[in-house]
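Written out below as structure tokens is the structure these notes cover.
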Amino acid sequence: MNQKAKLGVSGAAAGLVNGLFGGGGGMLVVPMLTFLSKMPVKNAHATAILIILPVSALSGILYAAFGNFSLSSGLPVSAGVLAGGIAGAFLLKKLSAKWVSAVFALVMLAAGLKMLFF
């Protein structure tokens, strides 16, 4: 399978995960970009963010269209996501690739443990 096909399949997998669970595509996109396309870690994170934004927006619109969206909780969460995204983008610029990878791995580990045990 060539590089573009691998990335297309990876993108489809990330979109499927995002559509099913309302998020989490970045946990697939970043490793796929770093391992399949040999993209530098920071570039992979930035690319994933740029890809995930419109996909998440579309997923949110579809959830709302099907009546699965709570405006009372969605708006405050959206504000927090926006603030956190801006802060994260600034931090990505400041941190080394090793630290970005370590923090990403810890967040993935914490999310996995929480899902398994809590």
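Residues are referred to by chain and number: the chain letter is A, B, ... according to the order shown in the structure tokens, the number counts from 1 in that chain, and ligands are numbered separately from 1 in the order shown.
All residues of protein, DNA or RNA that reach within 12 Å of Leu91 in chain A, judged by only C-alpha atoms and not counting those fewer than 3 positions away in the chain, are A:Lys42, A:His45, A:Ala46, A:Gly84, A:Gly85, A:Ile86, A:Ala87, A:Gly88, A:Lys94, A:Leu95, A:Ser96, A:Ala97, A:Trp99, A:Val100, A:Val103.
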Exercise for the section: For Val55 in chain A, list every protein, DNA or RNA residue within 10 Å, evaluated using only C-alpha atoms, and leave out those in the same chain fewer than 2 positions away; present the list as a ChimeraX atom specification. Expected result: /A:14-15,18-19,22-23,25,49-53,57-61
Export, as a JSON list (two decimals), in the first residue's frame, the selected residues with N, CA and C atoms.
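Resulting contents of again17.json:
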```
[["chain", "number", "residue", "atom", "x", "y", "z"],
["A", 14, "ALA", "N", -9.67, 7.60, 11.76],
["A", 14, "ALA", "CA", -9.81, 8.70, 12.72],
["A", 14, "ALA", "C", -11.19, 9.33, 12.63],
["A", 15, "GLY", "N", -11.69, 9.51, 11.42],
["A", 15, "GLY", "CA", -13.03, 10.07, 11.24],
["A", 15, "GLY", "C", -14.11, 9.17, 11.82],
["A", 18, "ASN", "N", -13.96, 9.50, 15.57],
["A", 18, "ASN", "CA", -14.52, 10.80, 15.96],
["A", 18, "ASN", "C", -16.05, 10.80, 15.82],
["A", 19, "GLY", "N", -16.54, 10.22, 14.76],
["A", 19, "GLY", "CA", -17.98, 10.17, 14.55],
["A", 19, "GLY", "C", -18.69, 9.28, 15.57],
["A", 22, "GLY", "N", -17.50, 11.02, 19.28],
["A", 22, "GLY", "CA", -17.53, 12.47, 19.46],
["A", 22, "GLY", "C", -16.17, 13.07, 19.71],
["A", 23, "GLY", "N", -15.13, 12.33, 19.50],
["A", 23, "GLY", "CA", -13.76, 12.80, 19.69],
["A", 23, "GLY", "C", -12.82, 11.63, 19.74],
["A", 25, "GLY", "N", -10.22, 11.22, 17.69],
["A", 25, "GLY", "CA", -9.52, 11.00, 16.42],
["A", 25, "GLY", "C", -8.05, 11.38, 16.47],
["A", 49, "ILE", "N", -4.56, 18.75, 14.76],
["A", 49, "ILE", "CA", -5.47, 19.78, 15.25],
["A", 49, "ILE", "C", -6.21, 20.42, 14.08],
["A", 50, "LEU", "N", -5.48, 20.73, 13.03],
["A", 50, "LEU", "CA", -6.10, 21.37, 11.87],
["A", 50, "LEU", "C", -7.11, 20.44, 11.20],
["A", 51, "ILE", "N", -6.82, 19.16, 11.19],
["A", 51, "ILE", "CA", -7.73, 18.18, 10.59],
["A", 51, "ILE", "C", -8.95, 17.96, 11.48],
["A", 52, "ILE", "N", -8.73, 17.87, 12.78],
["A", 52, "ILE", "CA", -9.79, 17.51, 13.71],
["A", 52, "ILE", "C", -10.81, 18.63, 13.86],
["A", 53, "LEU", "N", -10.40, 19.88, 13.72],
["A", 53, "LEU", "CA", -11.33, 20.99, 13.91],
["A", 53, "LEU", "C", -12.56, 20.88, 13.01],
["A", 57, "ALA", "N", -16.37, 19.78, 14.18],
["A", 57, "ALA", "CA", -17.48, 20.69, 13.95],
["A", 57, "ALA", "C", -18.61, 19.97, 13.19],
["A", 58, "LEU", "N", -18.24, 19.23, 12.17],
["A", 58, "LEU", "CA", -19.24, 18.49, 11.40],
["A", 58, "LEU", "C", -19.93, 17.44, 12.27],
["A", 59, "SER", "N", -19.14, 16.72, 13.06],
["A", 59, "SER", "CA", -19.73, 15.72, 13.97],
["A", 59, "SER", "C", -20.70, 16.38, 14.93],
["A", 60, "GLY", "N", -20.32, 17.54, 15.47],
["A", 60, "GLY", "CA", -21.19, 18.26, 16.38],
["A", 60, "GLY", "C", -22.50, 18.68, 15.73],
["A", 61, "ILE", "N", -22.40, 19.16, 14.50],
["A", 61, "ILE", "CA", -23.61, 19.54, 13.75],
["A", 61, "ILE", "C", -24.52, 18.33, 13.56]]
```
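With only C-alpha atoms as the atoms that count, the residue of A:Met39, A:Ala13, A:Met27, A:Leu20 with the shortest distance to Val107 in chain A is A:Met27.
Note that the spacing between CA of Ala64 in chain A and CA of Met115 in chain A amounts to 24.8 Å.
Between Ala102 in chain A and the candidates A:Phe118, A:Val41, A:Leu75, A:Ala83, the tightest atom-to-atom separation, counting only C-alpha atoms, involves A:Val41.
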